[in-house]
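Chemist: Data file target_13.cif (mmCIF, C-alpha atoms) is appended below.
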data_target
#
loop_
_atom_site.label_atom_id
_atom_site.label_comp_id
_atom_site.auth_asym_id
_atom_site.auth_seq_id
_atom_site.Cartn_x
_atom_site.Cartn_y
_atom_site.Cartn_z
CA MET A 1 106.36 57.19 68.85
CA ASN A 2 108.92 56.29 71.50
CA SER A 3 107.26 56.53 74.95
CA GLY A 4 110.06 58.75 76.32
CA ILE A 5 109.71 61.20 73.44
CA LEU A 6 105.93 61.14 73.88
CA GLN A 7 106.26 62.06 77.54
CA VAL A 8 108.58 64.96 76.72
CA PHE A 9 106.11 66.13 74.08
CA GLN A 10 103.24 65.95 76.56
CA ARG A 11 105.19 67.90 79.20
CA GLU A 12 105.56 70.79 76.76
CA LEU A 13 101.76 70.99 76.60
CA ILE A 14 101.37 71.43 80.36
CA CYS A 15 100.84 74.85 81.96
CA PRO A 16 103.60 75.53 84.53
CA ILE A 17 101.08 77.17 86.90
CA CYS A 18 98.18 74.68 87.05
CA MET A 19 100.20 71.64 85.85
CA ASN A 20 97.40 70.56 83.49
CA TYR A 21 97.13 70.52 79.71
CA PHE A 22 96.81 74.05 78.36
CA ILE A 23 93.37 75.58 78.03
CA ASP A 24 93.33 78.72 75.88
CA PRO A 25 97.16 79.08 76.05
CA VAL A 26 98.82 82.48 75.65
CA THR A 27 102.51 83.26 75.11
CA ILE A 28 104.01 86.34 76.80
CA ASP A 29 106.90 88.41 75.47
CA CYS A 30 109.62 86.29 77.11
CA GLY A 31 108.38 83.28 75.11
CA HIS A 32 106.84 81.21 77.91
CA SER A 33 103.23 80.07 77.74
CA PHE A 34 100.45 79.73 80.29
CA CYS A 35 96.74 79.07 80.35
CA ARG A 36 95.00 82.40 79.92
CA PRO A 37 92.96 81.91 83.15
CA CYS A 38 96.14 81.10 85.08
CA PHE A 39 97.86 84.18 83.66
CA TYR A 40 94.92 86.41 84.58
CA LEU A 41 94.46 85.03 88.09
CA ASN A 42 98.17 85.00 88.86
CA TRP A 43 98.73 88.65 87.92
CA GLN A 44 95.34 90.24 88.48
CA ASP A 45 96.38 92.20 91.57
CA MET A 46 99.96 92.95 90.56
CA ALA A 47 101.42 96.14 89.14
CA VAL A 48 101.76 96.80 85.43
CA LEU A 49 105.12 95.05 85.48
CA ALA A 50 104.79 91.37 86.40
CA GLN A 51 107.30 88.54 86.56
CA CYS A 52 107.16 85.40 84.44
CA SER A 53 106.94 82.47 86.85
CA LYS A 54 109.38 80.50 84.68
CA CYS A 55 112.24 82.86 83.87
CA LYS A 56 111.45 85.79 86.25
CA LYS A 57 111.62 88.31 83.43
CA THR A 58 109.18 91.18 83.66
CA THR A 59 106.33 91.68 81.23
CA ARG A 60 103.77 94.39 80.56
CA GLN A 61 101.51 92.22 78.44
CA ARG A 62 97.89 91.93 79.47
CA ASN A 63 95.74 91.60 76.36
CA LEU A 64 97.06 88.44 74.79
CA LYS A 65 96.10 86.40 71.75
CA THR A 66 95.50 82.68 71.97
CA ASN A 67 98.43 80.53 70.80
CA ILE A 68 96.41 78.49 68.29
CA CYS A 69 99.17 75.94 67.66
CA LEU A 70 99.60 75.14 71.37
CA LYS A 71 95.84 75.03 71.84
CA ASN A 72 95.38 72.50 69.04
CA MET A 73 98.21 70.30 70.29
CA ALA A 74 96.84 70.37 73.85
CA SER A 75 93.44 69.38 72.47
CA ILE A 76 95.03 66.44 70.63
CA ALA A 77 96.79 65.35 73.83
CA ARG A 78 93.53 65.48 75.81
CA LYS A 79 91.73 63.47 73.14
CA ALA A 80 94.48 60.86 73.21
CA SER A 81 94.14 60.60 77.00
CA LEU A 82 90.37 60.30 76.61
CA ARG A 83 90.68 57.48 74.09
CA GLN A 84 93.01 55.68 76.45
CA PHE A 85 90.49 56.13 79.26
CA LEU A 86 87.58 54.91 77.12
CA SER A 87 89.50 51.83 76.03
CA SER A 88 90.00 50.72 79.64
CA GLU A 89 88.03 47.70 80.87
CA GLU A 90 85.90 49.87 83.18
CA GLN A 91 84.52 51.77 80.16
CA ILE A 92 83.59 48.72 78.10
CA CYS A 93 79.83 48.08 77.98
CA GLY A 94 79.08 44.92 79.99
CA THR A 95 76.15 44.05 77.73
CA HIS A 96 77.54 44.65 74.23
CA ARG A 97 81.31 44.65 74.95
CA GLU A 98 81.57 47.96 73.04
CA THR A 99 83.45 51.12 74.06
CA LYS A 100 81.27 53.75 75.73
CA GLU A 101 81.81 56.51 73.19
CA MET A 102 78.43 58.27 73.57
CA PHE A 103 77.24 60.65 76.30
CA CYS A 104 73.56 60.71 77.28
CA GLU A 105 72.61 64.25 78.26
CA VAL A 106 69.47 63.07 80.08
CA ASP A 107 71.03 60.38 82.29
CA LYS A 108 74.47 62.09 82.39
CA SER A 109 76.14 58.77 81.66
CA LEU A 110 78.49 57.20 79.10
CA LEU A 111 76.95 54.62 76.76
CA CYS A 112 78.05 52.47 73.90
CA LEU A 113 76.48 53.15 70.52
CA LEU A 114 74.12 50.15 70.78
CA CYS A 115 72.87 51.23 74.23
CA SER A 116 72.24 54.77 72.99
CA ASN A 117 69.93 53.33 70.33
CA SER A 118 68.10 51.04 72.76
CA GLN A 119 64.47 51.57 73.69
CA GLU A 120 65.51 52.96 77.09
CA HIS A 121 67.65 55.74 75.61
CA ARG A 122 66.23 56.13 72.11
CA ASN A 123 64.43 59.40 72.83
CA HIS A 124 67.33 60.92 74.75
CA ARG A 125 69.79 63.40 73.29
CA HIS A 126 73.25 61.88 72.75
CA CYS A 127 76.54 63.14 71.42
CA PRO A 128 80.03 61.66 70.97
CA THR A 129 81.90 61.87 74.28
CA GLU A 130 85.06 63.28 72.69
CA TRP A 131 83.17 66.06 70.92
CA ALA A 132 81.00 66.83 73.98
CA ALA A 133 83.99 67.25 76.27
CA GLU A 134 85.79 69.73 74.00
CA GLU A 135 82.59 71.60 73.23
CA ARG A 136 81.86 72.02 76.95
CA ARG A 137 85.39 73.30 77.58
CA GLU A 138 85.00 75.87 74.82
CA GLU A 139 81.71 77.00 76.32
CA LEU A 140 83.35 77.32 79.73
CA LEU A 141 86.14 79.40 78.19
CA ARG A 142 83.58 81.74 76.61
CA LYS A 143 81.89 82.17 79.98
CA MET A 144 85.27 82.84 81.58
CA GLN A 145 86.08 85.54 79.02
CA SER A 146 82.74 87.22 79.75
CA LEU A 147 83.30 86.80 83.49
CA TRP A 148 86.79 88.29 83.24
CA ARG A 149 85.38 91.40 81.57
CA LYS A 150 82.86 91.64 84.40
CA MET A 151 85.70 91.27 86.94
CA CYS A 152 87.68 94.06 85.28
CA GLU A 153 84.60 96.28 85.18
CA ASN A 154 83.97 95.64 88.86
CA HIS A 155 87.63 96.39 89.60
CA ARG A 156 87.37 99.75 87.79
CA ASN A 157 84.11 100.57 89.56
CA LEU A 158 85.65 99.69 92.91
CA ASN A 159 88.63 101.97 92.28
CA MET A 160 86.26 104.74 91.21
CA ALA A 161 84.15 104.28 94.35
CA THR A 162 87.28 104.37 96.52
CA ASN A 163 88.40 107.62 94.90
CA ARG A 164 84.96 109.15 95.25
CA ILE A 165 84.77 108.26 98.94
CA ARG A 166 88.21 109.74 99.55
CA CYS A 167 87.32 113.03 97.82
CA TRP A 168 83.60 113.29 98.51
CA LYS A 169 83.61 115.28 101.77
CA ASP A 170 86.11 117.78 100.37
CA TYR A 171 83.99 118.13 97.22
CA VAL A 172 80.84 118.86 99.26
CA SER A 173 82.74 121.32 101.49
CA LEU A 174 84.07 123.21 98.47
CA ARG A 175 80.59 123.33 96.96
CA ILE A 176 79.16 124.69 100.20
CA GLU A 177 81.80 127.44 100.26
CA ALA A 178 81.20 128.30 96.60
CA ILE A 179 77.43 128.60 97.12
CA ARG A 180 77.93 130.63 100.30
CA ALA A 181 80.20 132.98 98.36
CA GLU A 182 77.51 133.47 95.69
CA TYR A 183 74.92 134.43 98.30
CA HIS A 184 77.32 136.94 99.84
CA LYS A 185 77.74 138.66 96.46
CA MET A 186 74.04 139.59 96.39
CA VAL A 187 73.00 143.16 97.12
CA ALA A 188 70.03 141.83 99.11
CA PHE A 189 71.30 139.20 101.58
CA PHE A 190 69.05 136.11 101.74
CA HIS A 191 70.30 134.73 105.04
CA GLU A 192 67.48 132.26 105.76
CA GLU A 193 67.42 130.96 102.19
CA GLU A 194 71.20 130.51 102.32
CA GLN A 195 70.96 128.49 105.54
CA ARG A 196 68.25 126.21 104.14
CA HIS A 197 70.21 125.69 100.93
CA LEU A 198 73.46 124.84 102.70
CA GLU A 199 71.81 122.58 105.29
CA ARG A 200 70.06 120.66 102.52
CA LEU A 201 73.34 120.30 100.64
CA GLN A 202 75.15 119.09 103.78
CA LYS A 203 72.44 116.49 104.44
CA GLU A 204 72.51 115.25 100.84
CA GLY A 205 76.29 115.00 100.96
CA GLU A 206 76.19 112.86 104.12
CA ASP A 207 73.48 110.57 102.70
CA ILE A 208 75.41 110.04 99.47
CA PHE A 209 78.60 109.38 101.44
CA GLN A 210 76.82 106.52 103.22
CA GLN A 211 75.52 105.21 99.89
CA LEU A 212 79.02 105.24 98.44
CA ASN A 213 80.41 103.26 101.38
CA LYS A 214 77.65 100.67 101.10
CA SER A 215 78.17 100.43 97.35
CA LYS A 216 81.90 99.91 97.85
CA ALA A 217 81.24 97.08 100.34
CA ARG A 218 78.89 95.41 97.85
CA MET A 219 81.46 95.66 95.05
CA GLU A 220 84.15 94.20 97.32
CA HIS A 221 81.82 91.27 97.97
CA SER A 222 81.15 90.98 94.23
CA ARG A 223 84.91 90.89 93.61
CA GLU A 224 85.27 87.82 95.82
CA LEU A 225 82.25 86.09 94.26
CA LEU A 226 83.46 86.76 90.72
CA ARG A 227 86.98 85.58 91.43
CA GLY A 228 85.66 82.44 93.12
CA MET A 229 83.41 81.61 90.17
CA TYR A 230 86.25 82.25 87.72
CA GLU A 231 88.44 79.82 89.66
CA ASP A 232 85.62 77.23 89.71
CA LEU A 233 85.20 77.50 85.93
CA ARG A 234 88.95 77.16 85.45
CA GLN A 235 89.05 74.03 87.59
CA MET A 236 86.04 72.59 85.79
CA CYS A 237 87.90 72.87 82.48
CA HIS A 238 90.55 70.51 83.89
CA LYS A 239 88.15 67.96 85.36
CA ALA A 240 88.03 64.39 84.12
CA VAL A 241 85.67 63.98 81.19
CA VAL A 242 82.86 62.22 83.04
CA GLU A 243 82.81 64.79 85.88
CA LEU A 244 83.04 67.66 83.40
CA LEU A 245 80.06 66.40 81.40
CA GLN A 246 77.98 65.57 84.45
CA SER A 247 78.60 68.86 86.30
CA PHE A 248 78.46 71.22 83.31
CA GLY A 249 74.79 72.18 83.67
CA ASP A 250 75.07 72.86 87.40
CA ILE A 251 78.04 75.20 87.09
CA LEU A 252 76.35 77.15 84.29
CA GLN A 253 73.33 77.72 86.53
CA ARG A 254 75.61 78.99 89.28
CA TYR A 255 77.32 81.27 86.77
CA GLU A 256 74.04 82.79 85.56
CA SER A 257 72.82 83.21 89.13
CA LEU A 258 76.03 84.97 90.15
CA LEU A 259 75.76 87.55 87.37
CA LEU A 260 72.43 88.66 88.84
CA GLN A 261 74.14 89.33 92.18
CA VAL A 262 76.94 91.59 90.90
CA SER A 263 76.57 95.08 92.34
CA GLU A 264 76.44 98.15 90.09
CA PRO A 265 78.18 101.38 91.18
CA VAL A 266 76.36 104.37 92.63
CA ASN A 267 76.43 107.48 90.44
CA PRO A 268 76.23 110.23 93.09
CA GLU A 269 74.40 113.42 92.26
CA LEU A 270 73.69 116.43 94.43
CA SER A 271 70.49 118.32 93.72
CA ALA A 272 70.75 121.56 91.79
CA GLY A 273 69.16 123.94 94.28
CA PRO A 274 68.39 127.40 92.89
CA ILE A 275 70.22 130.44 94.25
CA ILE A 276 67.81 133.35 94.57
CA GLY A 277 69.06 136.43 92.73
CA LEU A 278 71.93 134.61 90.97
CA MET A 279 70.72 135.12 87.40
CA ASP A 280 69.72 138.75 88.01
CA ARG A 281 73.22 139.51 89.28
CA LEU A 282 75.02 137.74 86.43
CA LYS A 283 72.88 139.29 83.70
CA GLY A 284 74.22 142.66 84.76
CA PHE A 285 77.48 141.57 83.07
CA ARG A 286 75.78 140.04 80.01
CA VAL A 287 77.61 140.17 76.66
CA TYR A 288 76.49 138.69 73.35
CA LEU A 289 79.14 136.76 71.50
CA THR A 290 79.77 136.64 67.81
CA LEU A 291 81.04 133.17 66.97
CA GLN A 292 83.52 132.18 64.30
CA HIS A 293 83.34 128.73 62.74
CA ALA A 294 86.48 126.63 62.97
CA ARG A 295 88.20 125.45 59.80
CA ALA A 296 86.26 122.82 57.88
CA SER A 297 88.78 120.13 58.88
CA SER A 298 88.28 120.72 62.59
CA HIS A 299 86.18 118.27 64.57
CA ILE A 300 85.55 117.82 68.24
CA PHE A 301 85.14 114.68 70.24
CA LEU A 302 85.35 114.25 74.00
CA HIS A 303 86.06 110.80 75.31
CA GLY A 304 87.87 108.88 78.02
CA ASP A 305 87.31 107.85 81.61
CA LEU A 306 87.52 111.41 82.99
CA ARG A 307 91.17 110.95 83.86
CA SER A 308 92.06 112.38 80.45
CA MET A 309 89.90 113.99 77.79
CA LYS A 310 90.74 114.80 74.21
CA VAL A 311 89.60 117.95 72.45
CA GLY A 312 90.02 117.94 68.72
CA CYS A 313 90.48 114.81 66.65
CA ASP A 314 90.76 113.66 63.08
CA PRO A 315 87.46 111.97 62.16
CA GLN A 316 89.30 109.67 59.77
CA HIS A 317 91.22 108.10 62.66
CA ASP A 318 88.57 108.08 65.38
CA PRO A 319 86.16 105.11 65.37
CA ASN A 320 83.64 107.08 67.45
CA ILE A 321 83.06 109.59 64.67
CA THR A 322 80.93 108.30 61.79
CA ASP A 323 79.29 109.82 58.74
CA LYS A 324 76.23 110.48 60.90
CA SER A 325 78.19 112.39 63.54
CA GLU A 326 77.65 116.14 63.70
CA CYS A 327 80.68 117.91 65.16
CA PHE A 328 81.54 121.55 65.36
CA LEU A 329 84.00 123.85 67.08
CA GLN A 330 83.44 127.59 67.40
CA TRP A 331 85.44 130.47 68.84
CA GLY A 332 84.31 133.89 69.95
CA ALA A 333 85.18 136.61 67.47
CA ASP A 334 86.33 138.82 70.36
CA PHE A 335 88.70 138.14 73.25
CA PHE A 336 88.84 139.39 76.85
CA ILE A 337 91.79 140.92 78.71
CA SER A 338 90.21 142.46 81.81
CA GLY A 339 86.79 142.99 83.35
CA LYS A 340 83.76 140.85 84.19
CA PHE A 341 81.64 139.17 81.53
CA TYR A 342 78.72 136.74 81.37
CA TRP A 343 77.33 134.83 78.38
CA GLU A 344 75.12 131.83 77.71
CA PHE A 345 74.94 128.98 75.24
CA ASN A 346 72.12 126.56 74.42
CA MET A 347 73.44 122.96 74.23
CA GLY A 348 70.14 121.54 73.02
CA HIS A 349 70.08 117.74 72.92
CA SER A 350 73.84 117.23 72.69
CA TRP A 351 75.38 114.71 75.09
CA ASN A 352 79.04 115.51 74.34
CA TRP A 353 80.07 119.13 74.65
CA ALA A 354 82.51 121.55 76.23
CA PHE A 355 82.09 125.25 76.92
CA GLY A 356 84.50 127.79 78.37
CA VAL A 357 87.48 130.03 77.70
CA CYS A 358 91.08 129.41 76.67
CA ASN A 359 94.25 131.29 75.94
CA ASN A 360 96.08 131.68 72.62
CA TYR A 361 98.06 128.46 73.09
CA TRP A 362 94.93 126.32 73.05
CA LYS A 363 93.34 128.36 70.28
CA GLU A 364 96.27 127.84 67.96
CA LYS A 365 97.29 124.31 68.97
CA ARG A 366 94.21 122.25 69.68
CA GLN A 367 94.24 119.18 67.47
CA ASN A 368 94.59 115.97 69.52
CA ASP A 369 95.68 117.82 72.65
CA MET A 370 94.88 116.34 76.05
CA ILE A 371 93.13 118.46 78.66
CA ASP A 372 94.25 116.53 81.72
CA GLY A 373 94.95 119.54 83.92
CA GLU A 374 96.80 121.82 81.50
CA VAL A 375 96.70 125.53 82.31
CA GLY A 376 94.98 128.03 80.06
CA LEU A 377 91.91 125.91 79.28
CA PHE A 378 88.88 126.46 81.53
CA LEU A 379 85.97 124.27 80.46
CA LEU A 380 82.74 122.78 81.66
CA GLY A 381 82.25 119.54 79.75
CA CYS A 382 79.62 116.85 79.42
CA VAL A 383 80.40 113.27 78.35
CA LYS A 384 77.93 110.47 77.81
CA GLU A 385 79.04 107.11 79.22
CA ASP A 386 76.56 104.37 78.30
CA THR A 387 73.26 105.74 79.64
CA HIS A 388 74.87 107.98 82.25
CA CYS A 389 76.03 111.54 81.68
CA SER A 390 79.10 112.91 83.49
CA LEU A 391 80.04 116.55 83.99
CA PHE A 392 83.61 117.72 84.50
CA THR A 393 85.61 120.93 84.71
CA THR A 394 89.23 121.47 83.74
CA SER A 395 92.27 123.20 85.23
CA PRO A 396 92.42 120.87 87.10
CA LEU A 397 90.22 118.06 85.78
CA VAL A 398 87.42 117.57 88.35
CA MET A 399 84.24 115.50 88.23
CA GLN A 400 81.08 117.50 89.00
CA TYR A 401 78.32 115.56 90.77
CA VAL A 402 75.38 117.74 89.83
CA PRO A 403 72.63 117.22 87.24
CA ARG A 404 73.37 117.78 83.58
CA PRO A 405 72.00 121.19 82.49
CA THR A 406 68.68 120.65 80.74
CA ASP A 407 69.17 123.28 78.08
CA THR A 408 71.24 126.44 78.62
CA VAL A 409 74.56 126.91 80.39
CA GLY A 410 76.08 130.21 81.43
CA LEU A 411 79.68 131.33 82.03
CA PHE A 412 80.82 134.19 84.26
CA LEU A 413 84.40 135.33 83.67
CA ASP A 414 85.99 137.51 86.37
CA CYS A 415 89.44 138.51 85.11
CA GLU A 416 90.34 140.50 88.24
CA GLY A 417 89.04 137.84 90.64
CA ARG A 418 90.71 135.15 88.48
CA THR A 419 87.63 132.89 88.53
CA VAL A 420 85.46 131.18 85.94
CA SER A 421 81.95 130.19 87.07
CA PHE A 422 79.48 127.93 85.26
CA VAL A 423 75.75 128.06 85.95
CA ASP A 424 72.70 126.02 85.01
CA VAL A 425 70.54 128.82 83.65
CA ASP A 426 67.20 126.99 83.69
CA ARG A 427 67.65 125.89 87.31
CA SER A 428 69.30 129.17 88.41
CA SER A 429 71.99 127.07 90.13
CA LEU A 430 75.76 127.13 90.39
CA ILE A 431 77.51 124.21 88.72
CA TYR A 432 81.08 125.08 89.72
CA THR A 433 83.50 127.96 90.17
CA ILE A 434 87.10 127.37 89.10
CA PRO A 435 89.14 129.39 91.63
CA ASN A 436 92.61 130.90 91.31
CA CYS A 437 92.72 130.54 87.52
CA SER A 438 96.12 130.94 85.87
CA PHE A 439 94.96 133.49 83.33
CA SER A 440 97.28 134.53 80.51
CA PRO A 441 95.18 136.98 78.46
CA PRO A 442 93.83 137.28 75.89
CA LEU A 443 91.08 134.77 76.72
CA TRP A 444 88.86 133.43 73.95
CA PRO A 445 85.39 131.91 74.33
CA ILE A 446 85.29 128.35 73.01
CA ILE A 447 82.31 126.06 72.33
CA CYS A 448 82.58 122.52 71.04
CA CYS A 449 79.76 120.08 70.52
CA SER A 450 79.31 116.55 69.15
CA HIS A 451 76.07 114.76 68.30
CA PHE A 452 76.25 110.96 68.04
#
Would you mind giving the structure from this file in structure tokens?
Modeler:
Amino acid sequence: MNSGILQVFQRELICPICMNYFIDPVTIDCGHSFCRPCFYLNWQDMAVLAQCSKCKKTTRQRNLKTNICLKNMASIARKASLRQFLSSEEQICGTHRETKEMFCEVDKSLLCLLCSNSQEHRNHRHCPTEWAAEERREELLRKMQSLWRKMCENHRNLNMATNRIRCWKDYVSLRIEAIRAEYHKMVAFFHEEEQRHLERLQKEGEDIFQQLNKSKARMEHSRELLRGMYEDLRQMCHKAVVELLQSFGDILQRYESLLLQVSEPVNPELSAGPIIGLMDRLKGFRVYLTLQHARASSHIFLHGDLRSMKVGCDPQHDPNITDKSECFLQWGADFFISGKFYWEFNMGHSWNWAFGVCNNYWKEKRQNDMIDGEVGLFLLGCVKEDTHCSLFTTSPLVMQYVPRPTDTVGLFLDCEGRTVSFVDVDRSSLIYTIPNCSFSPPLWPIICCSHF
């Protein structure tokens, strides 16, 4: 091939960001290509819309597939450069005048085939230099993919910690006011017990606030460590063959050591202190519901990151629902227009459930609807995320940092006071009171539960 044409061909295989041969190239929607690590690092901290560094067009693409054709051609170009390097006089064995095409993993050195079979190296592990270099790059790319997922997870955790810190003091203050209000509703006023309860809650809130700040600082430090390691792995992929092969083991050790240092987020939880007299007061409004089964085609699944939750889904189109999943949705046979009412439900061992009241809109139009703050749906929900269980309430959607009820939950509906309160029956504690509810009677009890 003409040398000028060859140079043009080789230039097309060079990433415009790092100016090296592509490693794991991806092509964005404007048609230009970059190394995946360069793409990720260049746009990690930008908004959803990012500019192509070549044509300045904006792109929303993030999850990209490897351009196999470009990757194979870049690999061919690297192998050609390696062969040229190995054919140089410096890489000719001084003893046997053979090309050093073998890599000794014990001595970390290049050898000719005859030297690799000599008595000195016979018991060492060897592999062809060309194969070893590409295999090490592929291993580095796999580590980078895993590291990138860890970086994204840390980024999400850091955002979550930042939001929790911003809202935490207000959350504790609202909880203090709600518990104080419950004590003041008692016929017998337990002043000393109220003071102890609220002081304990205030102290817990301050301690957790400090924990959240420390956790955020650790995750910020982890962010810098992870990004630095990702950059080191990227640079190692572009190293000359000899340096790549010799340094590969060391950088893998650093990688494994770093993963042990990455900080996990704090899952804050306030203790569920009992409120003396709460259950006795609520049971004065006790009603017993008759439940109606939903249609056979109705299923319930709650999922998401607590920014949006879905109630009602088609099991045929949801990968989380399998043949072993047990899902049900039930409505109360009777509705409420005015008055005060209290009822309970046993959630058993379910980790995904919702319990509350709704208006006619939600009763008639529930399939695949989002509950991200819509009016007319007042729920306490529980969602399992890995090994952790999160509680939330709706209207608006709010995380609840209290323990998951062990067995039975209760609901107190006050139509005149326009509040819905949820209680942990076994602990005799208040979970949350939704204030200033936008009621549009009639209100129907709703219970949905999923076992996975």
Chemist: Would you kindly return, as a list of chain:residue names, each protein, DNA or RNA residue with an atom no farther than 7 Å from any atom of A:Lys100, considering all atoms listed in the file and excluding same-chain residues fewer than 2 positions away?
Modeler: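 Close residues of A:Lys100: A:Leu86, A:Gln91, A:Ile92, A:Cys93, A:Glu98, A:Met102, A:Leu110, A:Leu111, A:Cys112.
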Chemist: What is the atom CA of A:Val425 to atom CA of A:Phe392 distance in Å?
Modeler: 17.2 Å
Chemist: With all atoms listed in the file as the atoms that count, which of A:Phe439, A:Trp444, A:Phe345, A:Trp168 lies nearest to A:Trp362?
Modeler: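 Among the listed residues, A:Trp444 lies closest to A:Trp362.
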Chemist: Quote the spacing between atom CA of A:Ser81 and atom CA of A:Leu64 in Å to one decimal place.
Modeler: 28.1 Å
Chemist: In the coordinate frame of the file, compute which residues have an atom within 10 Å of (103.8, 86.3, 76.6) when using only C-alpha atoms, and state them as a PyMOL selection string.
Modeler: chain A and resi 25-34+39+52+59-65+67
Chemist: Rank nothing, just name the residue among A:Thr290, A:Ser440, A:Gln195, A:Gln210 nearest to A:Val266, using only C-alpha atoms.
Modeler: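 Selected residue with least distance to A:Val266: A:Gln210.
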Chemist: For A:Arg83, which residue out of A:Met219, A:Val241, A:Cys15, A:Met236 is the nearest one, using all atoms listed in the file?
Modeler: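 Residue with the minimum atom-to-atom distance to A:Arg83: A:Val241.
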Chemist: Excluding same-chain residues fewer than 2 positions from A:Gly381, what lies within 10 Å of it counting all atoms listed in the file, as a PyMOL selection string?
Modeler: chain A and resi 302+309+351-356+378-379+383+390-394+399-400+404+447-449
Chemist: So how far away is atom CA of A:Leu113 from atom CA of A:Thr99, in Å?
Modeler: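 Atom-to-atom, atom CA of A:Thr99 to atom CA of A:Leu113, that is 8.1 Å.
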Chemist: Given the PyMOL selection byres ((chain A and resi 268) around 7) and the file above, list the residues it selects as a list in words.
Modeler: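 Output of the PyMOL selection byres ((chain A and resi 268) around 7): Ile208, Val266, Asn267, Glu269, Leu270 and Tyr401 of chain A.
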Chemist: Please enumerate the residues selected by the PyMOL selection byres ((chain A and resi 70) around 9) when evaluated against the supplied file, formatted as a ChimeraX atom specification.
Modeler: /A:13,22,24-26,33,66-69,71-75
Chemist: Which residue is closest to A:Arg164? Choose from A:Thr129, A:Ser215, A:Gln330, A:Ser116 and count only C-alpha atoms.
Modeler: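 Residue with the minimum atom-to-atom distance to A:Arg164: A:Ser215.
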Chemist: Calculated over only C-alpha atoms, which of the candidates A:Arg180, A:Lys214, A:Arg427, A:His96 has the smallest distance to A:Thr162?
Modeler: A:Lys214
Chemist: Running the PyMOL selection byres ((chain A and resi 154-156) around 10) on this model by hand, what would come out? Give it as a ChimeraX atom specification.
Modeler: /A:44-45,148-153,157-162,219-220,222-223,226,262-265
Chemist: Name the residues in contact with A:Leu140 at a cut-off of 12 Å, using all atoms listed in the file, excluding same-chain residues fewer than 2 positions from it; report them as a PyMOL selection string.
Modeler: chain A and resi 23-24+37+133-138+142-147+229-239+244-245+247-249+251-252+255
Chemist: Just checking: using all atoms listed in the file, which residue out of A:Leu225, A:Ala217, A:Val402, A:Val242 ends up closest to A:Gly205?
Modeler: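 Closest to A:Gly205 of all the choices is A:Val402.
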